[in-house]
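Visitor: I'm passing along query_33.txt; it holds compact mmCIF, C-alpha atoms.
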# COMPACT_ATOMS: atom_id res chain seq x y z
CA MET A 1 -0.04 27.42 -6.64
CA LYS A 2 0.06 25.80 -3.17
CA ARG A 3 2.51 23.18 -1.99
CA VAL A 4 2.02 20.18 0.32
CA LEU A 5 4.88 18.44 2.12
CA ILE A 6 4.60 14.64 2.15
CA VAL A 7 6.42 12.23 4.45
CA GLY A 8 6.09 8.46 4.04
CA PHE A 9 7.71 7.65 0.70
CA THR A 10 10.30 4.86 1.02
CA GLU A 11 12.53 2.89 -1.32
CA ASN A 12 9.88 0.17 -1.46
CA LEU A 13 7.22 0.09 -4.15
CA GLY A 14 4.38 -0.34 -1.68
CA GLY A 15 0.79 0.71 -1.29
CA VAL A 16 1.58 4.17 0.10
CA GLU A 17 3.92 5.02 -2.77
CA ARG A 18 1.50 3.79 -5.42
CA LEU A 19 -1.48 5.54 -3.81
CA ILE A 20 0.15 8.95 -3.54
CA TYR A 21 1.54 8.75 -7.05
CA SER A 22 -1.91 7.82 -8.38
CA TYR A 23 -3.40 10.91 -6.76
CA TYR A 24 -0.46 13.08 -7.81
CA LYS A 25 -0.90 12.23 -11.49
CA LYS A 26 -4.51 13.40 -11.36
CA ILE A 27 -4.38 16.57 -9.27
CA ASP A 28 -4.56 20.01 -10.85
CA ARG A 29 -0.89 20.89 -10.54
CA SER A 30 -1.56 24.52 -11.44
CA LYS A 31 -3.27 24.74 -8.04
CA LEU A 32 -1.46 22.15 -5.97
CA GLN A 33 2.02 20.60 -5.88
CA PHE A 34 3.52 17.84 -3.75
CA ASP A 35 7.02 17.84 -2.27
CA PHE A 36 8.59 14.83 -0.55
CA LEU A 37 10.95 14.57 2.44
CA ILE A 38 12.75 11.22 2.15
CA ASN A 39 15.69 9.25 3.64
CA VAL A 40 17.09 7.60 0.50
CA GLU A 41 17.98 8.95 -2.92
CA LYS A 42 16.10 6.30 -4.92
CA VAL A 43 12.38 6.04 -4.34
CA PRO A 44 9.65 4.83 -6.73
CA PHE A 45 8.28 7.38 -9.22
CA ARG A 46 10.84 10.05 -8.31
CA SER A 47 11.80 10.94 -11.89
CA GLU A 48 8.15 10.95 -13.01
CA ILE A 49 7.14 13.25 -10.15
CA GLU A 50 10.08 15.62 -10.68
CA LYS A 51 9.16 15.98 -14.35
CA LEU A 52 5.73 17.16 -13.23
CA GLY A 53 7.09 19.74 -10.79
CA GLY A 54 7.29 17.82 -7.52
CA ARG A 55 10.44 18.18 -5.43
CA PHE A 56 12.38 15.69 -3.29
CA PHE A 57 14.52 16.59 -0.28
CA VAL A 58 16.82 13.92 1.18
CA ILE A 59 18.01 13.76 4.78
CA PRO A 60 19.90 10.88 6.48
CA ARG A 61 18.02 7.91 7.92
CA LYS A 62 17.54 8.15 11.69
CA THR A 63 18.83 4.64 12.40
CA LYS A 64 22.02 5.11 10.36
CA ASP A 65 23.07 8.69 11.15
CA TYR A 66 21.13 10.15 14.07
CA ILE A 67 23.05 13.44 14.25
CA GLY A 68 22.83 13.93 10.48
CA TYR A 69 19.12 13.10 10.62
CA LYS A 70 18.39 15.68 13.35
CA ASN A 71 20.50 18.33 11.64
CA GLY A 72 18.84 17.55 8.33
CA LEU A 73 15.37 17.92 9.81
CA LYS A 74 16.19 21.25 11.41
CA SER A 75 17.86 22.61 8.29
CA PHE A 76 14.98 21.55 6.06
CA PHE A 77 12.29 23.12 8.23
CA ASP A 78 14.38 26.26 8.80
CA ASN A 79 14.56 26.79 5.05
CA HIS A 80 11.27 25.39 3.74
CA ALA A 81 8.52 25.25 6.38
CA LYS A 82 7.08 28.53 5.12
CA ASP A 83 6.57 27.02 1.64
CA TYR A 84 3.75 24.69 2.68
CA ILE A 85 0.03 25.00 3.35
CA ALA A 86 -0.09 21.43 4.65
CA PHE A 87 2.04 18.62 6.03
CA TRP A 88 0.84 15.10 5.15
CA PHE A 89 2.37 12.33 7.30
CA ASN A 90 1.77 8.84 5.87
CA SER A 91 2.70 5.91 8.08
CA ASN A 92 1.95 2.40 9.30
CA SER A 93 2.84 3.35 12.88
CA LEU A 94 3.08 6.28 15.31
CA ALA A 95 6.40 5.03 16.74
CA ASN A 96 8.31 8.01 15.27
CA LEU A 97 6.63 11.43 15.36
CA ASP A 98 9.73 13.57 14.70
CA TYR A 99 8.45 14.88 11.36
CA LEU A 100 5.06 15.80 12.82
CA ALA A 101 6.72 17.49 15.78
CA TYR A 102 8.79 19.70 13.45
CA ALA A 103 5.76 20.57 11.32
CA TYR A 104 3.96 21.55 14.53
CA ARG A 105 6.90 23.51 15.92
CA TYR A 106 7.43 25.41 12.67
CA GLY A 107 3.79 26.32 12.34
CA ILE A 108 2.65 24.54 9.17
CA LYS A 109 -1.07 25.25 9.37
CA ARG A 110 -2.55 21.89 8.31
CA ARG A 111 -0.90 18.84 9.84
CA ILE A 112 -2.40 15.59 8.58
CA VAL A 113 -1.67 12.19 10.12
CA HIS A 114 -2.71 9.38 7.75
CA SER A 115 -2.91 5.78 9.00
CA HIS A 116 -2.24 3.04 6.44
CA ASN A 117 -2.34 -0.06 8.63
CA THR A 118 -4.05 -1.80 11.54
CA MET A 119 -1.18 -3.33 13.52
CA GLU A 120 2.40 -2.76 14.70
CA THR A 121 4.49 -5.93 14.40
CA ARG A 122 8.07 -4.70 14.67
CA GLY A 123 8.43 -5.66 18.31
CA THR A 124 7.59 -4.54 21.83
CA VAL A 125 9.55 -1.27 21.73
CA TYR A 126 7.72 -0.04 18.63
CA LYS A 127 4.37 -1.08 20.09
CA VAL A 128 5.08 0.85 23.29
CA PHE A 129 6.11 4.00 21.43
CA HIS A 130 3.07 3.71 19.16
CA GLN A 131 0.76 3.69 22.18
CA LEU A 132 2.64 6.46 23.97
CA ASN A 133 2.57 8.68 20.89
CA LYS A 134 -1.17 8.48 20.29
CA GLY A 135 -1.81 11.41 22.60
CA LYS A 136 1.04 13.43 21.09
CA ALA A 137 -0.24 12.81 17.57
CA ARG A 138 -3.69 13.95 18.59
CA ARG A 139 -2.35 17.20 20.06
CA MET A 140 -0.01 18.04 17.19
CA ALA A 141 -2.20 17.06 14.24
CA THR A 142 -5.09 19.09 12.87
CA ASP A 143 -6.54 16.39 10.60
CA TYR A 144 -6.84 12.64 11.12
CA TRP A 145 -6.97 10.41 8.03
CA ALA A 146 -6.98 6.66 7.46
CA CYS A 147 -7.41 4.17 4.64
CA SER A 148 -10.21 2.44 6.56
CA ILE A 149 -12.15 2.72 9.81
CA ASP A 150 -10.05 -0.08 11.36
CA ALA A 151 -6.83 1.73 10.39
CA GLY A 152 -8.25 4.88 11.96
CA ARG A 153 -8.90 3.07 15.23
CA PHE A 154 -5.32 1.77 15.25
CA PHE A 155 -3.98 5.36 15.24
CA PHE A 156 -6.70 7.36 16.97
CA ASP A 157 -9.12 7.15 19.88
CA GLU A 158 -12.75 6.38 19.11
CA ASP A 159 -13.88 9.96 19.74
CA VAL A 160 -11.41 11.15 17.09
CA VAL A 161 -12.68 8.56 14.59
CA LYS A 162 -16.22 9.81 15.19
CA SER A 163 -15.26 13.49 14.90
CA ASP A 164 -15.49 15.77 11.87
CA LYS A 165 -11.69 15.95 11.81
CA PHE A 166 -11.46 12.29 10.77
CA ARG A 167 -11.68 11.20 7.14
CA VAL A 168 -11.32 7.92 5.32
CA ILE A 169 -9.19 8.63 2.25
CA ASN A 170 -9.98 5.84 -0.15
CA ASN A 171 -7.12 3.86 -1.70
CA ALA A 172 -8.48 4.82 -5.10
CA ILE A 173 -7.16 3.53 -8.42
CA ASP A 174 -7.50 4.25 -12.12
CA LEU A 175 -10.22 1.76 -13.00
CA CYS A 176 -9.61 2.11 -16.74
CA GLU A 177 -6.03 0.87 -16.37
CA PHE A 178 -7.23 -2.44 -14.94
CA SER A 179 -10.06 -3.29 -17.32
CA PHE A 180 -9.49 -6.61 -19.08
CA ASP A 181 -7.18 -6.52 -22.08
CA LYS A 182 -6.77 -9.78 -24.00
CA GLU A 183 -3.60 -8.63 -25.77
CA LYS A 184 -1.91 -7.74 -22.48
CA ARG A 185 -2.93 -11.11 -21.07
CA VAL A 186 -1.25 -12.92 -23.95
CA GLU A 187 1.81 -10.64 -23.71
CA TRP A 188 2.33 -11.13 -19.98
CA ARG A 189 1.67 -14.86 -19.91
CA LYS A 190 4.31 -15.18 -22.63
CA LYS A 191 6.77 -13.10 -20.58
CA ILE A 192 6.20 -15.22 -17.49
CA GLY A 193 6.21 -18.44 -19.49
CA ILE A 194 2.70 -19.60 -18.62
CA ALA A 195 0.85 -21.88 -21.03
CA ASP A 196 -2.83 -21.37 -21.82
CA ASN A 197 -3.86 -24.50 -19.91
CA VAL A 198 -2.15 -23.38 -16.66
CA THR A 199 -4.15 -21.69 -13.89
CA LEU A 200 -2.09 -18.73 -12.71
CA TYR A 201 -2.43 -17.53 -9.12
CA GLY A 202 -0.99 -14.17 -8.13
CA ASN A 203 -0.05 -12.23 -5.01
CA VAL A 204 1.12 -8.61 -4.86
CA GLY A 205 2.80 -7.43 -1.68
CA ARG A 206 5.98 -6.81 0.24
CA LEU A 207 7.86 -10.00 1.14
CA SER A 208 7.34 -9.57 4.86
CA TYR A 209 5.64 -11.20 7.84
CA GLN A 210 2.52 -9.12 7.29
CA LYS A 211 1.77 -10.70 3.92
CA ASN A 212 2.00 -14.28 5.24
CA HIS A 213 3.76 -15.85 2.23
CA GLU A 214 4.92 -18.79 4.36
CA PHE A 215 1.31 -19.90 4.81
CA LEU A 216 0.50 -19.27 1.16
CA LEU A 217 3.36 -21.46 -0.04
CA ARG A 218 2.36 -24.32 2.25
CA ALA A 219 -1.21 -24.16 0.98
CA PHE A 220 -0.03 -23.91 -2.60
CA LYS A 221 2.09 -27.02 -2.10
CA GLY A 222 -1.12 -28.83 -1.24
CA LEU A 223 -2.77 -27.49 -4.38
CA VAL A 224 0.16 -28.63 -6.55
CA SER A 225 -0.12 -32.13 -5.12
CA LYS A 226 -3.66 -32.27 -6.53
CA HIS A 227 -3.31 -30.20 -9.72
CA LYS A 228 -0.19 -30.15 -11.90
CA ASN A 229 -1.15 -27.26 -14.20
CA VAL A 230 -1.02 -24.50 -11.59
CA HIS A 231 1.50 -21.73 -11.05
CA LEU A 232 1.93 -18.95 -8.47
CA ILE A 233 3.64 -15.58 -8.97
CA LEU A 234 4.76 -13.42 -6.05
CA ILE A 235 5.20 -9.75 -6.96
CA GLY A 236 7.25 -7.63 -4.58
CA THR A 237 10.49 -7.41 -2.63
CA GLY A 238 11.23 -7.37 1.07
CA GLU A 239 13.25 -8.49 4.04
CA LEU A 240 12.02 -12.12 3.88
CA GLU A 241 12.99 -12.74 0.25
CA GLU A 242 15.80 -15.17 1.07
CA ASN A 243 13.59 -17.06 3.54
CA ILE A 244 10.89 -17.39 0.90
CA LYS A 245 13.39 -18.65 -1.68
CA ARG A 246 14.54 -21.32 0.77
CA GLN A 247 10.98 -22.34 1.53
CA ILE A 248 10.22 -22.69 -2.19
CA GLU A 249 13.26 -24.97 -2.51
CA ASP A 250 12.38 -26.98 0.60
CA LEU A 251 8.83 -27.53 -0.69
CA LYS A 252 10.20 -28.38 -4.16
CA LEU A 253 8.06 -25.69 -5.77
CA GLU A 254 10.71 -24.20 -8.06
CA LYS A 255 8.74 -25.18 -11.17
CA ASN A 256 5.43 -23.90 -9.79
CA VAL A 257 6.32 -20.62 -8.09
CA SER A 258 8.00 -17.52 -9.55
CA LEU A 259 9.39 -14.57 -7.59
CA MET A 260 8.94 -11.58 -9.90
CA GLY A 261 10.43 -8.87 -7.70
CA ARG A 262 9.45 -5.24 -8.09
CA GLN A 263 7.05 -4.65 -10.97
CA PHE A 264 5.58 -1.35 -12.15
CA ASP A 265 3.03 -2.66 -14.65
CA ILE A 266 0.66 -4.20 -12.12
CA PRO A 267 -2.38 -3.64 -14.39
CA GLY A 268 -0.67 -5.62 -17.15
CA ILE A 269 0.44 -8.49 -14.92
CA LEU A 270 -3.04 -8.87 -13.44
CA GLN A 271 -4.39 -9.53 -16.92
CA ALA A 272 -2.28 -12.69 -16.99
CA VAL A 273 -3.49 -13.91 -13.60
CA ASP A 274 -6.55 -16.14 -13.11
CA VAL A 275 -6.96 -15.99 -9.32
CA PHE A 276 -5.67 -13.42 -6.82
CA VAL A 277 -4.63 -14.64 -3.35
CA MET A 278 -3.89 -12.52 -0.25
CA PRO A 279 -3.54 -14.40 3.06
CA SER A 280 -2.20 -11.38 5.01
CA HIS A 281 -2.03 -11.43 8.80
CA TYR A 282 -3.39 -7.86 8.73
CA GLU A 283 -3.96 -4.95 6.34
CA GLY A 284 -5.21 -1.38 6.47
CA LEU A 285 -7.17 -1.52 3.25
CA PRO A 286 -5.03 -3.24 0.61
CA ILE A 287 -4.77 -1.49 -2.75
CA ALA A 288 -3.67 -4.74 -4.35
CA ALA A 289 -7.01 -6.39 -3.52
CA ILE A 290 -8.91 -3.45 -5.02
CA GLU A 291 -6.78 -3.61 -8.17
CA ALA A 292 -7.33 -7.35 -8.50
CA GLN A 293 -11.09 -6.89 -8.34
CA ALA A 294 -10.90 -4.00 -10.82
CA ALA A 295 -9.15 -6.47 -13.14
CA GLY A 296 -12.15 -8.77 -12.64
CA LEU A 297 -10.25 -11.51 -10.82
CA PRO A 298 -11.75 -14.00 -8.38
CA CYS A 299 -10.02 -13.19 -5.08
CA ILE A 300 -9.30 -15.16 -1.92
CA ILE A 301 -8.29 -12.93 0.95
CA SER A 302 -7.63 -13.42 4.64
CA ASP A 303 -10.58 -13.12 7.00
CA THR A 304 -8.45 -10.71 9.06
CA ILE A 305 -8.74 -8.06 6.31
CA THR A 306 -11.40 -5.36 6.56
CA LYS A 307 -14.74 -6.15 4.95
CA GLU A 308 -14.57 -2.72 3.29
CA VAL A 309 -12.36 -4.19 0.55
CA LYS A 310 -14.91 -6.67 -0.85
CA PHE A 311 -16.75 -5.43 -3.95
CA LEU A 312 -17.30 -8.50 -6.13
CA HIS A 313 -19.23 -11.66 -5.28
CA SER A 314 -16.17 -13.56 -6.49
CA CYS A 315 -14.08 -12.05 -3.67
CA GLU A 316 -14.12 -14.47 -0.74
CA TYR A 317 -12.69 -14.29 2.79
CA GLU A 318 -10.95 -17.38 4.14
CA ASP A 319 -9.52 -18.49 7.48
CA ILE A 320 -5.70 -18.36 7.56
CA ALA A 321 -5.65 -20.98 10.30
CA SER A 322 -6.47 -23.67 7.74
CA GLU A 323 -4.35 -24.60 4.73
CA ASP A 324 -6.98 -27.15 3.68
CA LYS A 325 -9.64 -24.45 3.45
CA TRP A 326 -7.35 -22.37 1.27
CA ILE A 327 -6.69 -25.30 -1.04
CA LEU A 328 -10.43 -25.80 -1.51
CA ALA A 329 -10.98 -22.06 -1.96
CA MET A 330 -8.24 -21.88 -4.61
CA GLU A 331 -9.80 -24.80 -6.47
CA LYS A 332 -13.23 -23.16 -6.34
CA ALA A 333 -11.93 -19.76 -7.47
CA ALA A 334 -10.21 -21.32 -10.50
CA LYS A 335 -13.64 -22.34 -11.83
CA MET A 336 -15.09 -18.81 -11.57
CA SER A 337 -15.45 -16.48 -14.53
CA ARG A 338 -13.64 -13.17 -14.75
CA SER A 339 -15.85 -10.13 -14.11
CA ASN A 340 -15.90 -7.02 -16.29
CA ASP A 341 -18.06 -4.84 -14.03
CA CYS A 342 -16.37 -2.12 -11.94
CA THR A 343 -19.65 -0.41 -10.99
CA ALA A 344 -19.50 -1.51 -7.35
CA ILE A 345 -15.90 -0.35 -6.96
CA LYS A 346 -16.71 3.07 -8.44
CA LYS A 347 -19.86 3.41 -6.36
CA ALA A 348 -17.88 2.64 -3.19
CA GLY A 349 -15.58 5.60 -3.89
CA PHE A 350 -12.46 3.98 -5.31
CA ASP A 351 -12.35 5.69 -8.71
CA ILE A 352 -9.25 7.91 -8.74
CA GLU A 353 -10.88 10.50 -11.00
CA GLU A 354 -13.66 11.24 -8.52
CA GLU A 355 -11.57 10.85 -5.36
CA THR A 356 -8.85 13.23 -6.55
CA ALA A 357 -11.36 16.07 -6.71
CA LYS A 358 -12.27 15.38 -3.07
CA LEU A 359 -8.61 15.26 -2.04
CA GLU A 360 -7.92 18.62 -3.71
CA GLU A 361 -10.86 20.13 -1.85
CA TYR A 362 -9.64 18.75 1.50
CA LEU A 363 -6.11 20.07 1.00
CA LEU A 364 -7.08 23.49 -0.34
CA SER A 365 -9.94 24.19 2.09
Using structure tokens, write down the structure from this file.
Guide:
Amino acid sequence: MKRVLIVGFTENLGGVERLIYSYYKKIDRSKLQFDFLINVEKVPFRSEIEKLGGRFFVIPRKTKDYIGYKNGLKSFFDNHAKDYIAFWFNSNSLANLDYLAYAYRYGIKRRIVHSHNTMETRGTVYKVFHQLNKGKARRMATDYWACSIDAGRFFFDEDVVKSDKFRVINNAIDLCEFSFDKEKRVEWRKKIGIADNVTLYGNVGRLSYQKNHEFLLRAFKGLVSKHKNVHLILIGTGELEENIKRQIEDLKLEKNVSLMGRQFDIPGILQAVDVFVMPSHYEGLPIAAIEAQAAGLPCIISDTITKEVKFLHSCEYEDIASEDKWILAMEKAAKMSRSNDCTAIKKAGFDIEEETAKLEEYLLS
């Protein structure tokens, strides 16, 4: 049995964490096991993964204890580098390449850099380091992965994206989990407190600048002024949670918007929703939008998001420069019927069953 070292799991229940766990549940663990190098004790799915044989190793966070972080990295690689056939670095940015540098220095044979986003927004310093580190990442990595072509171009030069060392690893999901279930719909609408005659809009994503909740709330205020029986749920946590709470109060939307925090049963919650909305400033290839379409939901997503994520005719792109356009789009989507056909999603390569077999082959080859 071979082991792969994974970096990129955080305390947040985000797309990276959900994606890797989805693949991990399906791999043949008699042939392949995942271990995780993390900076906090509590990360999503840790107990589930440990029960299945995965291991977690914790070192201090770089920004909180630099000396402890560097000592922890050295100690870990001194003791465990020989255990791994591959190192899999998952990130939204190349600003910090310490983990890749250690994997390179300690001779882990396969060194995979996997891009999960299309933009660095944490400030000028991070943007500068991201650009400076592109060349280093190219030299130290052996394999170049991304969730989409655009995400690949954010991390790698065009000649790398066109090379045989580059792969798009699809943000695949378990399609069966998301198929429409009337009982779950009734159960979740009861939990949330949504009456049958209310149109429920939903957004899944970290409460951060990237997801553009400020715009969504302003547009939803306009919708509420025209339609009383509408409600919006925001699923996720993040650094802007307090700002979003204040905005909800300022717009007097307390009765029409619910912050639901971290939720693990996304398939169940999506049964309760009628329309999925995602006005993100940018995305790599958002798992949440794939899941929403797998649940058959009409979707309105930002026109800044890759066209690779559209599978259903009821998924529409809209301009995030116009709240009025979003109000009209939300009204239109509410009149659409739910779809029960996942054929296009499966054909595009987003069925976890089929994609896991490919991932195993990549990692074991």
Visitor: I'd like the neighbourhood of A:Ile287 as a ChimeraX atom specification, where a residue qualifies if any of its atoms comes within 7 Å (using only C-alpha atoms), though same-chain residues fewer than 3 positions away should be ignored.
Guide: /A:15,171,290-291
Visitor: Compile a residue-level contact table for stretch 127-164 of chain A against stretch 340-363 of chain A at a cut-off of 12 Å, reporting for every qualifying residue the shortest atom pair and its distance in Å to one decimal, with all atoms listed in the file counted, rows ordered by chain and ascending number, as JSON lines.
Guide:
{"residue": "A:Thr142", "atom": "CA", "partner": "A:Leu363", "partner_atom": "CA", "distance": 12.0}
{"residue": "A:Asp143", "atom": "CA", "partner": "A:Tyr362", "partner_atom": "CA", "distance": 9.9}
{"residue": "A:Tyr144", "atom": "CA", "partner": "A:Tyr362", "partner_atom": "CA", "distance": 11.7}
{"residue": "A:Trp145", "atom": "CA", "partner": "A:Tyr362", "partner_atom": "CA", "distance": 10.9}
{"residue": "A:Cys147", "atom": "CA", "partner": "A:Phe350", "partner_atom": "CA", "distance": 11.2}
Visitor: Can you tell me which residues surround A:Leu297 at a distance of at most 7 Å, considering all atoms listed in the file, apart from same-chain residues fewer than 5 positions away, and format the answer as a ChimeraX atom specification?
Guide: /A:274-276,292,338-339
Visitor: Taking into account all atoms listed in the file, which residue in the set A:Val257, A:Leu216, A:Ile85, A:Ile59 is nearest to A:Ile300?
Guide: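 Selected residue with least distance to A:Ile300: A:Leu216.
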Visitor: Nearest to A:Gly123: which of A:Ile49, A:Phe56, A:Ala95, A:Gly236 is it, counting all atoms listed in the file?
Guide: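 Comparing A:Ile49, A:Phe56, A:Ala95, A:Gly236 against A:Gly123, the winner is A:Ala95.
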Visitor: Just the number, please: distance in Å from atom CA of A:Val113 to atom CA of A:Thr10, one decimal.
Guide: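 Going from atom CA of A:Val113 over to atom CA of A:Thr10 covers 16.7 Å.
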Visitor: I need stretch 44-63 of chain A written out with N, CA, C and O atoms, as a CSV table (one decimal), in the first residue's frame; please produce it.
Guide:
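Printed below is out.csv as written:
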chain,number,residue,atom,x,y,z
A,44,PRO,N,-11.9,19.7,9.0
A,44,PRO,CA,-13.1,18.9,8.6
A,44,PRO,C,-12.7,17.5,8.2
A,44,PRO,O,-11.6,17.3,7.6
A,45,PHE,N,-13.6,16.6,8.6
A,45,PHE,CA,-13.5,15.2,8.2
A,45,PHE,C,-12.3,14.4,8.8
A,45,PHE,O,-12.0,13.3,8.5
A,46,ARG,N,-11.6,15.0,9.8
A,46,ARG,CA,-10.4,14.4,10.4
A,46,ARG,C,-10.8,13.0,11.0
A,46,ARG,O,-10.1,12.0,10.7
A,47,SER,N,-11.8,13.0,11.8
A,47,SER,CA,-12.1,11.7,12.5
A,47,SER,C,-12.5,10.6,11.4
A,47,SER,O,-12.2,9.5,11.6
A,48,GLU,N,-13.3,11.1,10.4
A,48,GLU,CA,-13.7,10.1,9.4
A,48,GLU,C,-12.5,9.5,8.6
A,48,GLU,O,-12.5,8.3,8.3
A,49,ILE,N,-11.6,10.4,8.3
A,49,ILE,CA,-10.4,10.0,7.6
A,49,ILE,C,-9.5,9.1,8.4
A,49,ILE,O,-9.0,8.0,8.0
A,50,GLU,N,-9.3,9.4,9.7
A,50,GLU,CA,-8.5,8.6,10.6
A,50,GLU,C,-9.1,7.2,10.8
A,50,GLU,O,-8.3,6.2,10.8
A,51,LYS,N,-10.4,7.1,10.8
A,51,LYS,CA,-11.0,5.8,10.9
A,51,LYS,C,-10.8,4.9,9.7
A,51,LYS,O,-10.8,3.7,9.8
A,52,LEU,N,-10.5,5.5,8.6
A,52,LEU,CA,-10.2,4.8,7.3
A,52,LEU,C,-8.8,4.6,7.1
A,52,LEU,O,-8.4,4.2,6.0
A,53,GLY,N,-7.9,5.0,8.0
A,53,GLY,CA,-6.5,4.8,7.9
A,53,GLY,C,-5.6,5.9,7.5
A,53,GLY,O,-4.4,5.8,7.4
A,54,GLY,N,-6.2,7.1,7.3
A,54,GLY,CA,-5.4,8.3,7.0
A,54,GLY,C,-4.8,8.9,8.2
A,54,GLY,O,-5.3,8.7,9.3
A,55,ARG,N,-3.7,9.5,8.1
A,55,ARG,CA,-3.0,10.1,9.2
A,55,ARG,C,-2.9,11.6,9.1
A,55,ARG,O,-2.8,12.2,8.0
A,56,PHE,N,-2.9,12.3,10.3
A,56,PHE,CA,-2.7,13.8,10.3
A,56,PHE,C,-1.5,14.1,11.2
A,56,PHE,O,-1.3,13.6,12.2
A,57,PHE,N,-0.7,15.0,10.6
A,57,PHE,CA,0.5,15.5,11.4
A,57,PHE,C,0.3,17.0,11.5
A,57,PHE,O,0.1,17.7,10.5
A,58,VAL,N,0.4,17.5,12.7
A,58,VAL,CA,0.2,19.0,13.0
A,58,VAL,C,1.5,19.7,13.3
A,58,VAL,O,2.3,19.2,14.1
A,59,ILE,N,1.8,20.8,12.6
A,59,ILE,CA,2.9,21.6,12.9
A,59,ILE,C,2.3,23.0,13.1
A,59,ILE,O,1.2,23.4,12.6
A,60,PRO,N,3.1,23.9,13.8
A,60,PRO,CA,2.6,25.3,14.0
A,60,PRO,C,2.3,26.1,12.8
A,60,PRO,O,2.9,25.8,11.7
A,61,ARG,N,1.4,27.0,12.8
A,61,ARG,CA,1.2,27.9,11.7
A,61,ARG,C,2.3,28.9,11.5
A,61,ARG,O,2.8,29.5,12.5
A,62,LYS,N,2.7,29.2,10.3
A,62,LYS,CA,3.9,30.0,10.0
A,62,LYS,C,3.7,31.4,10.6
A,62,LYS,O,4.6,32.0,11.1
A,63,THR,N,2.5,32.0,10.5
A,63,THR,CA,2.3,33.4,10.9
A,63,THR,C,2.2,33.5,12.4
A,63,THR,O,2.3,34.6,12.9
